[in-house]
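Data first, discussion second: the structure below is written as structure tokens.
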Amino acid sequence: MSNRSVILGISAYYHDSAAALLVNGNLIGAVQEERFTRVKNDERFPVNAIKWLLKEYDLKQEDITAVVFYEKPLLKFERLLETYHAFAPSGISSFLKAMPIWLKDKLFLKRKIKNELASSCGILKQEIYFSEHHLSHSASAFYPSPFKEAAVLTIDGVGEWATCTISKGSGKDIVLLKEQNFPHSLGLLYAAFTYYLGFKVNNGEYKVMGLAAYGDPKSEVTKSFIDLIKKHLVDIKDDGSIMLNMDYFAFATHLVMTHDKKWKALFDLERRGEKEEILQKHANFAYAIQSVTEEIVLKLVKTAVTITGVRNIVLAGGVALNCVVNGKISSLPEVDNLWIQPAAGDAGGAIGAAYAMEHIFLDKERNIKGVDAMKGSLLGPEFSDDVVKICLQKFKNIEIIELQDEELFAKVCSDISIGGVVGWFQGRMEFGPRALGNRSILGDALNPEMQSKINNKIKFRESFRPFAPVVLEEDAEHYFNLDKPSPYMLIVQKVKKKLLGEQPPTLPSKNIYTRLSEVRSKIPAVTHVDNSARIQTVNKTQNTKLYKLLNEYKKLTGHGILINTSFNVKDEPIVCSPKDAIDCFLKTNMDILVINNFYIKK
């Protein structure tokens, strides 16, 4: 036991709280608190996540070597005080609201964490360690990656002070080389546009990314938006560092992102209300900030390669979830290999904090096996057939058939091929915000009606949003301009020209809500309006059951590709338990539910 290292990493109190467990440098489990509480992006202390890890691996408090929190609250408090002082007297009302919370809880976070661990998790004596926020991101990007050496780039809103870092990862070491500090933040710049477009900050950025595809890059309005952003909001340096013009931003001292009157005067555009219709001008606005973001990130990547001398890139931080940018990075001639932490946001900080303790503080060597250490990000709970049966018996309004694999695959593939939508619940739950194949909703990528059906009748979400394909790894190049595996649905690339049909005209009067349903390719349900797709590839090692299902679908239809979207509805977390899956199944127009080998109909 003395040589055994058992490290519990924790992220909490901002958004996406989570816990992760590292044993002898091996990541064996990680889960977000939201999956248990059913509160999306739950920020509370991850009591349920920790309890599950301890129970799953039969750990007692004396087994745990260290508990590590993903950031340093005292440094964050220092930044808060210095920022309010720098902008005083602006923001006094925000300051007065923030101080009691900090003085009561956050300033004494070590005591609070110890109390939570003792009262809820039975962990009474362990010392609490703190990793810096961007070090946690860097560690989550580098240590699980398959690279012995890499340029490490982290970009998010803000940690303690840092908003972007470039480091060099080599063996067990991470050396910080460059850092951008608050308030000059690409993540907060993008968040400001998310806010101004009527979406929720820290939750709606991916909607802006999806909406940007509807923007018209040739429009004078779009070009004007880009020029105004670069002239008045952000000064972009050659190395990718930026300076924000804080006259236009309110986030430093207020509880909102922008000075709306100044933005309206600058862009001749009102801030969109959350329930207001999305118009072409909003799509052009989204395209503008997406374009500027791509320019900045690509410059940062080139700088990272130059100053590290390494052509392997690893990414983490919330901006690393921008799949369109990632696709552009993967195509850069300066980049040989790209690996992105699938839980790139704050949830992944729990993993990074644990890895930082293992390799930096405890000085233990890495064990690099040539593939990443994330295990397909399948790191959460799984449920035995006996547990599933007990759960199913509680529901009277469902019909259940237990099938062997071959029968199950054949039946599911037949259902999908005739327009059925299937809830697919298998094995261990994914860690991170993307559907990675075990808590998924699957549909026919070749069916032109499937995109609107799943959006409107099952997901109940904005109908302009695209769906992603999951495809056999060996077939990906047939469909997409992709020459490397993409196991985590984090890279956008174009659909192959040979699959594109005659493109529908983009008319100024055309409603953007109708454009995604227009047939553009031979895989219309996963082809976005700009002929791109966010691709997940699958091989038999990464996810055997999903791989076999795709192979069966290829035998039936000639195509080993399906729609794969997360198993949830709008504003709810991805399902965790069989009960969550059945509840979701019954309140939507999903046709079939499959849990393990149980085939379920209403």
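Each chain in the structure tokens gets a letter, A, B and so on, in the order shown; residues start at 1 in every chain, and ligands are counted from 1 in the order they appear.
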Just the alpha helix (DSSP H) stuff from stretch 187-401 of chain A, please, per backbone DSSP, written as a PDB file with N, CA and C atoms, in the first residue's frame.
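Okay, this is what ended up in selection-v6.pdb:
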```
ATOM      1  N   GLY A 187     -11.608  33.721 -24.475  1.00  0.00           N
ATOM      2  CA  GLY A 187     -12.811  33.041 -23.992  1.00  0.00           C
ATOM      3  C   GLY A 187     -13.897  34.016 -23.589  1.00  0.00           C
ATOM      4  N   LEU A 188     -13.517  35.103 -22.917  1.00  0.00           N
ATOM      5  CA  LEU A 188     -14.501  36.100 -22.493  1.00  0.00           C
ATOM      6  C   LEU A 188     -14.973  36.959 -23.663  1.00  0.00           C
ATOM      7  N   LEU A 189     -14.121  37.164 -24.658  1.00  0.00           N
ATOM      8  CA  LEU A 189     -14.545  37.855 -25.877  1.00  0.00           C
ATOM      9  C   LEU A 189     -15.656  37.058 -26.563  1.00  0.00           C
ATOM     10  N   TYR A 190     -15.434  35.760 -26.724  1.00  0.00           N
ATOM     11  CA  TYR A 190     -16.440  34.893 -27.360  1.00  0.00           C
ATOM     12  C   TYR A 190     -17.696  34.831 -26.490  1.00  0.00           C
ATOM     13  N   ALA A 191     -17.507  34.781 -25.168  1.00  0.00           N
ATOM     14  CA  ALA A 191     -18.651  34.752 -24.244  1.00  0.00           C
ATOM     15  C   ALA A 191     -19.479  36.026 -24.346  1.00  0.00           C
ATOM     16  N   ALA A 192     -18.811  37.164 -24.589  1.00  0.00           N
ATOM     17  CA  ALA A 192     -19.535  38.427 -24.739  1.00  0.00           C
ATOM     18  C   ALA A 192     -20.462  38.380 -25.956  1.00  0.00           C
ATOM     19  N   PHE A 193     -19.982  37.791 -27.031  1.00  0.00           N
ATOM     20  CA  PHE A 193     -20.826  37.643 -28.223  1.00  0.00           C
ATOM     21  C   PHE A 193     -21.944  36.618 -27.980  1.00  0.00           C
ATOM     22  N   THR A 194     -21.637  35.584 -27.221  1.00  0.00           N
ATOM     23  CA  THR A 194     -22.670  34.612 -26.835  1.00  0.00           C
ATOM     24  C   THR A 194     -23.792  35.320 -26.088  1.00  0.00           C
ATOM     25  N   TYR A 195     -23.409  36.151 -25.146  1.00  0.00           N
ATOM     26  CA  TYR A 195     -24.361  36.928 -24.350  1.00  0.00           C
ATOM     27  C   TYR A 195     -25.158  37.889 -25.231  1.00  0.00           C
ATOM     28  N   TYR A 196     -24.476  38.604 -26.130  1.00  0.00           N
ATOM     29  CA  TYR A 196     -25.149  39.617 -26.948  1.00  0.00           C
ATOM     30  C   TYR A 196     -26.092  38.969 -27.963  1.00  0.00           C
ATOM     31  N   GLU A 205     -22.063  28.844 -25.983  1.00  0.00           N
ATOM     32  CA  GLU A 205     -21.007  29.149 -26.950  1.00  0.00           C
ATOM     33  C   GLU A 205     -21.054  28.212 -28.164  1.00  0.00           C
ATOM     34  N   TYR A 206     -21.402  26.947 -27.922  1.00  0.00           N
ATOM     35  CA  TYR A 206     -21.475  26.003 -29.048  1.00  0.00           C
ATOM     36  C   TYR A 206     -22.636  26.340 -29.979  1.00  0.00           C
ATOM     37  N   LYS A 207     -23.659  27.040 -29.468  1.00  0.00           N
ATOM     38  CA  LYS A 207     -24.752  27.496 -30.328  1.00  0.00           C
ATOM     39  C   LYS A 207     -24.270  28.598 -31.259  1.00  0.00           C
ATOM     40  N   VAL A 208     -23.431  29.485 -30.731  1.00  0.00           N
ATOM     41  CA  VAL A 208     -22.843  30.535 -31.574  1.00  0.00           C
ATOM     42  C   VAL A 208     -22.008  29.896 -32.676  1.00  0.00           C
ATOM     43  N   MET A 209     -21.229  28.868 -32.315  1.00  0.00           N
ATOM     44  CA  MET A 209     -20.403  28.167 -33.303  1.00  0.00           C
ATOM     45  C   MET A 209     -21.277  27.556 -34.395  1.00  0.00           C
ATOM     46  N   GLY A 210     -22.393  26.926 -34.014  1.00  0.00           N
ATOM     47  CA  GLY A 210     -23.300  26.337 -34.995  1.00  0.00           C
ATOM     48  C   GLY A 210     -23.991  27.383 -35.844  1.00  0.00           C
ATOM     49  N   LEU A 211     -24.375  28.494 -35.208  1.00  0.00           N
ATOM     50  CA  LEU A 211     -25.061  29.570 -35.919  1.00  0.00           C
ATOM     51  C   LEU A 211     -24.138  30.256 -36.927  1.00  0.00           C
ATOM     52  N   ALA A 212     -22.843  30.296 -36.616  1.00  0.00           N
ATOM     53  CA  ALA A 212     -21.885  30.988 -37.482  1.00  0.00           C
ATOM     54  C   ALA A 212     -21.877  30.423 -38.904  1.00  0.00           C
ATOM     55  N   GLU A 220     -21.495  42.436 -47.066  1.00  0.00           N
ATOM     56  CA  GLU A 220     -20.816  43.644 -46.579  1.00  0.00           C
ATOM     57  C   GLU A 220     -21.073  43.840 -45.086  1.00  0.00           C
ATOM     58  N   VAL A 221     -22.258  43.397 -44.623  1.00  0.00           N
ATOM     59  CA  VAL A 221     -22.576  43.494 -43.190  1.00  0.00           C
ATOM     60  C   VAL A 221     -21.604  42.634 -42.376  1.00  0.00           C
ATOM     61  N   THR A 222     -21.392  41.392 -42.829  1.00  0.00           N
ATOM     62  CA  THR A 222     -20.474  40.489 -42.131  1.00  0.00           C
ATOM     63  C   THR A 222     -19.056  41.059 -42.124  1.00  0.00           C
ATOM     64  N   LYS A 223     -18.595  41.541 -43.271  1.00  0.00           N
ATOM     65  CA  LYS A 223     -17.253  42.115 -43.354  1.00  0.00           C
ATOM     66  C   LYS A 223     -17.120  43.323 -42.429  1.00  0.00           C
ATOM     67  N   SER A 224     -18.193  44.111 -42.365  1.00  0.00           N
ATOM     68  CA  SER A 224     -18.187  45.284 -41.484  1.00  0.00           C
ATOM     69  C   SER A 224     -18.082  44.859 -40.017  1.00  0.00           C
ATOM     70  N   PHE A 225     -18.849  43.809 -39.632  1.00  0.00           N
ATOM     71  CA  PHE A 225     -18.772  43.299 -38.256  1.00  0.00           C
ATOM     72  C   PHE A 225     -17.337  42.900 -37.910  1.00  0.00           C
ATOM     73  N   ILE A 226     -16.685  42.165 -38.798  1.00  0.00           N
ATOM     74  CA  ILE A 226     -15.309  41.714 -38.546  1.00  0.00           C
ATOM     75  C   ILE A 226     -14.365  42.914 -38.398  1.00  0.00           C
ATOM     76  N   ASP A 227     -14.497  43.874 -39.287  1.00  0.00           N
ATOM     77  CA  ASP A 227     -13.645  45.073 -39.226  1.00  0.00           C
ATOM     78  C   ASP A 227     -13.858  45.830 -37.913  1.00  0.00           C
ATOM     79  N   LEU A 228     -15.110  45.969 -37.505  1.00  0.00           N
ATOM     80  CA  LEU A 228     -15.418  46.713 -36.274  1.00  0.00           C
ATOM     81  C   LEU A 228     -14.878  45.987 -35.038  1.00  0.00           C
ATOM     82  N   ASP A 260     -24.152  47.405 -23.334  1.00  0.00           N
ATOM     83  CA  ASP A 260     -25.051  47.193 -24.472  1.00  0.00           C
ATOM     84  C   ASP A 260     -25.242  48.441 -25.337  1.00  0.00           C
ATOM     85  N   LYS A 261     -25.309  49.601 -24.722  1.00  0.00           N
ATOM     86  CA  LYS A 261     -25.509  50.835 -25.504  1.00  0.00           C
ATOM     87  C   LYS A 261     -24.340  51.081 -26.446  1.00  0.00           C
ATOM     88  N   LYS A 262     -23.151  50.811 -25.971  1.00  0.00           N
ATOM     89  CA  LYS A 262     -21.960  51.018 -26.811  1.00  0.00           C
ATOM     90  C   LYS A 262     -21.915  49.988 -27.942  1.00  0.00           C
ATOM     91  N   TRP A 263     -22.303  48.749 -27.663  1.00  0.00           N
ATOM     92  CA  TRP A 263     -22.327  47.721 -28.704  1.00  0.00           C
ATOM     93  C   TRP A 263     -23.383  48.042 -29.757  1.00  0.00           C
ATOM     94  N   LYS A 264     -24.538  48.509 -29.301  1.00  0.00           N
ATOM     95  CA  LYS A 264     -25.600  48.861 -30.255  1.00  0.00           C
ATOM     96  C   LYS A 264     -25.133  50.005 -31.166  1.00  0.00           C
ATOM     97  N   ALA A 265     -24.486  50.989 -30.576  1.00  0.00           N
ATOM     98  CA  ALA A 265     -23.998  52.114 -31.380  1.00  0.00           C
ATOM     99  C   ALA A 265     -22.898  51.666 -32.343  1.00  0.00           C
ATOM    100  N   LEU A 266     -22.044  50.744 -31.906  1.00  0.00           N
ATOM    101  CA  LEU A 266     -20.924  50.288 -32.734  1.00  0.00           C
ATOM    102  C   LEU A 266     -21.400  49.421 -33.898  1.00  0.00           C
ATOM    103  N   PHE A 267     -22.267  48.447 -33.594  1.00  0.00           N
ATOM    104  CA  PHE A 267     -22.650  47.443 -34.603  1.00  0.00           C
ATOM    105  C   PHE A 267     -24.009  47.715 -35.259  1.00  0.00           C
ATOM    106  N   GLN A 280     -30.903  36.626 -40.030  1.00  0.00           N
ATOM    107  CA  GLN A 280     -29.653  36.533 -40.769  1.00  0.00           C
ATOM    108  C   GLN A 280     -28.580  37.440 -40.179  1.00  0.00           C
ATOM    109  N   LYS A 281     -28.966  38.607 -39.670  1.00  0.00           N
ATOM    110  CA  LYS A 281     -27.966  39.510 -39.104  1.00  0.00           C
ATOM    111  C   LYS A 281     -27.282  38.887 -37.876  1.00  0.00           C
ATOM    112  N   HIS A 282     -28.051  38.070 -37.129  1.00  0.00           N
ATOM    113  CA  HIS A 282     -27.451  37.389 -35.977  1.00  0.00           C
ATOM    114  C   HIS A 282     -26.466  36.326 -36.440  1.00  0.00           C
ATOM    115  N   ALA A 283     -26.807  35.621 -37.518  1.00  0.00           N
ATOM    116  CA  ALA A 283     -25.886  34.620 -38.077  1.00  0.00           C
ATOM    117  C   ALA A 283     -24.606  35.286 -38.584  1.00  0.00           C
ATOM    118  N   ASN A 284     -24.739  36.424 -39.212  1.00  0.00           N
ATOM    119  CA  ASN A 284     -23.556  37.159 -39.688  1.00  0.00           C
ATOM    120  C   ASN A 284     -22.682  37.614 -38.512  1.00  0.00           C
ATOM    121  N   PHE A 285     -23.335  38.023 -37.437  1.00  0.00           N
ATOM    122  CA  PHE A 285     -22.628  38.458 -36.231  1.00  0.00           C
ATOM    123  C   PHE A 285     -21.855  37.280 -35.622  1.00  0.00           C
ATOM    124  N   ALA A 286     -22.505  36.104 -35.594  1.00  0.00           N
ATOM    125  CA  ALA A 286     -21.844  34.900 -35.084  1.00  0.00           C
ATOM    126  C   ALA A 286     -20.663  34.517 -35.969  1.00  0.00           C
ATOM    127  N   TYR A 287     -20.855  34.607 -37.282  1.00  0.00           N
ATOM    128  CA  TYR A 287     -19.764  34.293 -38.215  1.00  0.00           C
ATOM    129  C   TYR A 287     -18.564  35.209 -37.956  1.00  0.00           C
ATOM    130  N   ALA A 288     -18.848  36.479 -37.682  1.00  0.00           N
ATOM    131  CA  ALA A 288     -17.772  37.453 -37.479  1.00  0.00           C
ATOM    132  C   ALA A 288     -16.897  37.077 -36.289  1.00  0.00           C
ATOM    133  N   ILE A 289     -17.506  36.744 -35.148  1.00  0.00           N
ATOM    134  CA  ILE A 289     -16.685  36.423 -33.973  1.00  0.00           C
ATOM    135  C   ILE A 289     -16.024  35.059 -34.136  1.00  0.00           C
ATOM    136  N   GLN A 290     -16.681  34.136 -34.841  1.00  0.00           N
ATOM    137  CA  GLN A 290     -16.042  32.847 -35.108  1.00  0.00           C
ATOM    138  C   GLN A 290     -14.803  33.039 -35.980  1.00  0.00           C
ATOM    139  N   SER A 291     -14.902  33.895 -36.979  1.00  0.00           N
ATOM    140  CA  SER A 291     -13.783  34.172 -37.882  1.00  0.00           C
ATOM    141  C   SER A 291     -12.619  34.798 -37.123  1.00  0.00           C
ATOM    142  N   VAL A 292     -12.909  35.779 -36.266  1.00  0.00           N
ATOM    143  CA  VAL A 292     -11.872  36.444 -35.476  1.00  0.00           C
ATOM    144  C   VAL A 292     -11.226  35.445 -34.511  1.00  0.00           C
ATOM    145  N   THR A 293     -12.045  34.590 -33.897  1.00  0.00           N
ATOM    146  CA  THR A 293     -11.525  33.574 -32.975  1.00  0.00           C
ATOM    147  C   THR A 293     -10.568  32.627 -33.690  1.00  0.00           C
ATOM    148  N   GLU A 294     -10.944  32.196 -34.885  1.00  0.00           N
ATOM    149  CA  GLU A 294     -10.075  31.302 -35.658  1.00  0.00           C
ATOM    150  C   GLU A 294      -8.734  31.967 -35.953  1.00  0.00           C
ATOM    151  N   GLU A 295      -8.770  33.244 -36.332  1.00  0.00           N
ATOM    152  CA  GLU A 295      -7.528  33.963 -36.621  1.00  0.00           C
ATOM    153  C   GLU A 295      -6.616  33.981 -35.401  1.00  0.00           C
ATOM    154  N   ILE A 296      -7.187  34.265 -34.229  1.00  0.00           N
ATOM    155  CA  ILE A 296      -6.395  34.361 -32.996  1.00  0.00           C
ATOM    156  C   ILE A 296      -5.811  32.995 -32.624  1.00  0.00           C
ATOM    157  N   VAL A 297      -6.655  31.960 -32.629  1.00  0.00           N
ATOM    158  CA  VAL A 297      -6.197  30.633 -32.196  1.00  0.00           C
ATOM    159  C   VAL A 297      -5.124  30.089 -33.132  1.00  0.00           C
ATOM    160  N   LEU A 298      -5.292  30.268 -34.424  1.00  0.00           N
ATOM    161  CA  LEU A 298      -4.288  29.759 -35.360  1.00  0.00           C
ATOM    162  C   LEU A 298      -2.941  30.454 -35.158  1.00  0.00           C
ATOM    163  N   LYS A 299      -2.977  31.753 -34.847  1.00  0.00           N
ATOM    164  CA  LYS A 299      -1.730  32.457 -34.532  1.00  0.00           C
ATOM    165  C   LYS A 299      -1.099  31.900 -33.252  1.00  0.00           C
ATOM    166  N   LEU A 300      -1.936  31.605 -32.250  1.00  0.00           N
ATOM    167  CA  LEU A 300      -1.430  31.044 -30.994  1.00  0.00           C
ATOM    168  C   LEU A 300      -0.779  29.677 -31.226  1.00  0.00           C
ATOM    169  N   VAL A 301      -1.406  28.856 -32.061  1.00  0.00           N
ATOM    170  CA  VAL A 301      -0.858  27.525 -32.341  1.00  0.00           C
ATOM    171  C   VAL A 301       0.499  27.650 -33.030  1.00  0.00           C
ATOM    172  N   LYS A 302       0.605  28.528 -34.004  1.00  0.00           N
ATOM    173  CA  LYS A 302       1.877  28.721 -34.702  1.00  0.00           C
ATOM    174  C   LYS A 302       2.955  29.217 -33.732  1.00  0.00           C
ATOM    175  N   THR A 303       2.567  30.105 -32.829  1.00  0.00           N
ATOM    176  CA  THR A 303       3.509  30.587 -31.811  1.00  0.00           C
ATOM    177  C   THR A 303       3.948  29.450 -30.904  1.00  0.00           C
ATOM    178  N   ALA A 304       2.984  28.595 -30.506  1.00  0.00           N
ATOM    179  CA  ALA A 304       3.298  27.465 -29.627  1.00  0.00           C
ATOM    180  C   ALA A 304       4.305  26.521 -30.282  1.00  0.00           C
ATOM    181  N   VAL A 305       4.127  26.247 -31.566  1.00  0.00           N
ATOM    182  CA  VAL A 305       5.061  25.380 -32.287  1.00  0.00           C
ATOM    183  C   VAL A 305       6.446  26.037 -32.354  1.00  0.00           C
ATOM    184  N   THR A 306       6.472  27.339 -32.620  1.00  0.00           N
ATOM    185  CA  THR A 306       7.739  28.056 -32.757  1.00  0.00           C
ATOM    186  C   THR A 306       8.528  28.070 -31.459  1.00  0.00           C
ATOM    187  N   ILE A 307       7.877  28.388 -30.354  1.00  0.00           N
ATOM    188  CA  ILE A 307       8.631  28.572 -29.106  1.00  0.00           C
ATOM    189  C   ILE A 307       8.927  27.262 -28.386  1.00  0.00           C
ATOM    190  N   THR A 308       8.176  26.196 -28.698  1.00  0.00           N
ATOM    191  CA  THR A 308       8.477  24.896 -28.086  1.00  0.00           C
ATOM    192  C   THR A 308       9.349  24.033 -28.972  1.00  0.00           C
ATOM    193  N   CYS A 323     -15.080  23.175 -32.108  1.00  0.00           N
ATOM    194  CA  CYS A 323     -14.673  22.121 -33.052  1.00  0.00           C
ATOM    195  C   CYS A 323     -14.294  22.675 -34.412  1.00  0.00           C
ATOM    196  N   VAL A 324     -14.884  23.811 -34.785  1.00  0.00           N
ATOM    197  CA  VAL A 324     -14.563  24.408 -36.081  1.00  0.00           C
ATOM    198  C   VAL A 324     -13.122  24.900 -36.075  1.00  0.00           C
ATOM    199  N   VAL A 325     -12.716  25.575 -35.009  1.00  0.00           N
ATOM    200  CA  VAL A 325     -11.326  26.014 -34.874  1.00  0.00           C
ATOM    201  C   VAL A 325     -10.386  24.804 -34.892  1.00  0.00           C
ATOM    202  N   ASN A 326     -10.789  23.748 -34.173  1.00  0.00           N
ATOM    203  CA  ASN A 326      -9.935  22.563 -34.095  1.00  0.00           C
ATOM    204  C   ASN A 326      -9.689  21.950 -35.472  1.00  0.00           C
ATOM    205  N   GLY A 327     -10.723  21.961 -36.302  1.00  0.00           N
ATOM    206  CA  GLY A 327     -10.557  21.456 -37.661  1.00  0.00           C
ATOM    207  C   GLY A 327      -9.522  22.248 -38.434  1.00  0.00           C
ATOM    208  N   LYS A 328      -9.514  23.565 -38.234  1.00  0.00           N
ATOM    209  CA  LYS A 328      -8.533  24.422 -38.909  1.00  0.00           C
ATOM    210  C   LYS A 328      -7.117  24.147 -38.366  1.00  0.00           C
ATOM    211  N   ILE A 329      -7.017  23.915 -37.052  1.00  0.00           N
ATOM    212  CA  ILE A 329      -5.706  23.601 -36.463  1.00  0.00           C
ATOM    213  C   ILE A 329      -5.147  22.316 -37.066  1.00  0.00           C
ATOM    214  N   SER A 330      -6.006  21.303 -37.178  1.00  0.00           N
ATOM    215  CA  SER A 330      -5.543  19.998 -37.660  1.00  0.00           C
ATOM    216  C   SER A 330      -5.054  20.063 -39.104  1.00  0.00           C
ATOM    217  N   GLY A 348     -12.977  18.839 -16.779  1.00  0.00           N
ATOM    218  CA  GLY A 348     -11.687  18.190 -17.022  1.00  0.00           C
ATOM    219  C   GLY A 348     -10.589  18.670 -16.094  1.00  0.00           C
ATOM    220  N   GLY A 349     -10.804  19.805 -15.439  1.00  0.00           N
ATOM    221  CA  GLY A 349      -9.830  20.288 -14.456  1.00  0.00           C
ATOM    222  C   GLY A 349      -9.622  19.316 -13.314  1.00  0.00           C
ATOM    223  N   ALA A 350     -10.645  18.513 -12.995  1.00  0.00           N
ATOM    224  CA  ALA A 350     -10.505  17.501 -11.944  1.00  0.00           C
ATOM    225  C   ALA A 350      -9.466  16.455 -12.340  1.00  0.00           C
ATOM    226  N   ILE A 351      -9.500  16.051 -13.608  1.00  0.00           N
ATOM    227  CA  ILE A 351      -8.505  15.100 -14.129  1.00  0.00           C
ATOM    228  C   ILE A 351      -7.119  15.734 -14.097  1.00  0.00           C
ATOM    229  N   GLY A 352      -7.039  16.973 -14.586  1.00  0.00           N
ATOM    230  CA  GLY A 352      -5.751  17.652 -14.643  1.00  0.00           C
ATOM    231  C   GLY A 352      -5.133  17.876 -13.280  1.00  0.00           C
ATOM    232  N   ALA A 353      -5.959  18.220 -12.295  1.00  0.00           N
ATOM    233  CA  ALA A 353      -5.445  18.441 -10.938  1.00  0.00           C
ATOM    234  C   ALA A 353      -4.821  17.166 -10.388  1.00  0.00           C
ATOM    235  N   ALA A 354      -5.486  16.027 -10.633  1.00  0.00           N
ATOM    236  CA  ALA A 354      -4.953  14.746 -10.161  1.00  0.00           C
ATOM    237  C   ALA A 354      -3.637  14.409 -10.861  1.00  0.00           C
ATOM    238  N   TYR A 355      -3.590  14.613 -12.179  1.00  0.00           N
ATOM    239  CA  TYR A 355      -2.358  14.345 -12.932  1.00  0.00           C
ATOM    240  C   TYR A 355      -1.219  15.273 -12.488  1.00  0.00           C
ATOM    241  N   ALA A 356      -1.529  16.537 -12.222  1.00  0.00           N
ATOM    242  CA  ALA A 356      -0.489  17.476 -11.779  1.00  0.00           C
ATOM    243  C   ALA A 356       0.119  17.023 -10.452  1.00  0.00           C
ATOM    244  N   ASP A 385     -27.017  -6.194 -15.994  1.00  0.00           N
ATOM    245  CA  ASP A 385     -28.336  -6.623 -16.462  1.00  0.00           C
ATOM    246  C   ASP A 385     -29.311  -6.771 -15.308  1.00  0.00           C
ATOM    247  N   ASP A 386     -28.835  -7.266 -14.165  1.00  0.00           N
ATOM    248  CA  ASP A 386     -29.725  -7.449 -13.006  1.00  0.00           C
ATOM    249  C   ASP A 386     -30.272  -6.113 -12.517  1.00  0.00           C
ATOM    250  N   VAL A 387     -29.396  -5.100 -12.457  1.00  0.00           N
ATOM    251  CA  VAL A 387     -29.843  -3.765 -12.029  1.00  0.00           C
ATOM    252  C   VAL A 387     -30.839  -3.193 -13.042  1.00  0.00           C
ATOM    253  N   VAL A 388     -30.555  -3.380 -14.324  1.00  0.00           N
ATOM    254  CA  VAL A 388     -31.441  -2.875 -15.371  1.00  0.00           C
ATOM    255  C   VAL A 388     -32.813  -3.548 -15.283  1.00  0.00           C
ATOM    256  N   LYS A 389     -32.839  -4.860 -15.065  1.00  0.00           N
ATOM    257  CA  LYS A 389     -34.105  -5.595 -14.964  1.00  0.00           C
ATOM    258  C   LYS A 389     -34.971  -5.064 -13.828  1.00  0.00           C
ATOM    259  N   ILE A 390     -34.343  -4.838 -12.683  1.00  0.00           N
ATOM    260  CA  ILE A 390     -35.087  -4.312 -11.528  1.00  0.00           C
ATOM    261  C   ILE A 390     -35.701  -2.955 -11.861  1.00  0.00           C
ATOM    262  N   CYS A 391     -34.929  -2.122 -12.557  1.00  0.00           N
ATOM    263  CA  CYS A 391     -35.421  -0.795 -12.949  1.00  0.00           C
ATOM    264  C   CYS A 391     -36.585  -0.915 -13.940  1.00  0.00           C
ATOM    265  N   LEU A 392     -36.432  -1.795 -14.935  1.00  0.00           N
ATOM    266  CA  LEU A 392     -37.461  -1.938 -15.969  1.00  0.00           C
ATOM    267  C   LEU A 392     -38.787  -2.425 -15.397  1.00  0.00           C
TER     268      LEU A 392
END
```
Exercise: A:Asn589 partners within 12 Å, only C-alpha atoms, chain neighbours under 2 positions left out, as number ranges by chain: A: 420-423, 441, 453-460, 569, 583-587, 591-593, 601-602
C-alpha atoms of the current selection, written as a PDB file, in the first residue's frame:
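Final output, part11.pdb:
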```
ATOM      1  CA  GLY A 420     -36.623   5.061 -36.406  1.00  0.00           C
ATOM      2  CA  VAL A 421     -34.786   7.005 -33.698  1.00  0.00           C
ATOM      3  CA  VAL A 422     -33.007   4.877 -31.087  1.00  0.00           C
ATOM      4  CA  GLY A 423     -31.868   5.707 -27.569  1.00  0.00           C
ATOM      5  CA  ILE A 441     -29.455   8.997 -29.626  1.00  0.00           C
ATOM      6  CA  LYS A 453     -37.316  15.084 -36.518  1.00  0.00           C
ATOM      7  CA  ILE A 454     -34.721  14.667 -33.773  1.00  0.00           C
ATOM      8  CA  ASN A 455     -34.430  18.415 -33.113  1.00  0.00           C
ATOM      9  CA  ASN A 456     -38.150  19.129 -32.948  1.00  0.00           C
ATOM     10  CA  LYS A 457     -39.697  15.932 -31.590  1.00  0.00           C
ATOM     11  CA  ILE A 458     -36.975  14.465 -29.385  1.00  0.00           C
ATOM     12  CA  LYS A 459     -34.320  16.989 -28.348  1.00  0.00           C
ATOM     13  CA  PHE A 460     -36.771  19.951 -28.242  1.00  0.00           C
ATOM     14  CA  VAL A 569     -33.250  16.837 -24.124  1.00  0.00           C
ATOM     15  CA  ASP A 583     -37.783   8.801 -18.338  1.00  0.00           C
ATOM     16  CA  CYS A 584     -36.249  10.571 -21.334  1.00  0.00           C
ATOM     17  CA  PHE A 585     -37.526   7.871 -23.709  1.00  0.00           C
ATOM     18  CA  LEU A 586     -41.112   8.135 -22.429  1.00  0.00           C
ATOM     19  CA  LYS A 587     -41.346  11.931 -22.607  1.00  0.00           C
ATOM     20  CA  ASP A 591     -39.060   5.103 -31.226  1.00  0.00           C
ATOM     21  CA  ILE A 592     -36.839   2.518 -29.520  1.00  0.00           C
ATOM     22  CA  LEU A 593     -34.724   2.353 -26.368  1.00  0.00           C
ATOM     23  CA  LYS A 601     -40.729  -0.151 -26.998  1.00  0.00           C
ATOM     24  CA  LYS A 602     -43.534   2.001 -25.618  1.00  0.00           C
TER      25      LYS A 602
END
```
Who sits within 10 Å of A:Lys522, only C-alpha atoms, same chain under 6 positions skipped, as a ChimeraX atom specification: /A:445-448,479,495,498-501
Best match for closeness to A:Trp52 among A:Ile491, A:Ala468, A:Ala30, A:Val175, counting only C-alpha atoms: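 Of A:Ile491, A:Ala468, A:Ala30, A:Val175, the one nearest A:Trp52 is A:Ala30, counting only C-alpha atoms.
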Members of stretch 405-559 of chain A assigned strand (DSSP E or B) by DSSP, as a ChimeraX atom specification: /A:422-425,430,439-444,468-472,480,491-495,500,521,532-538
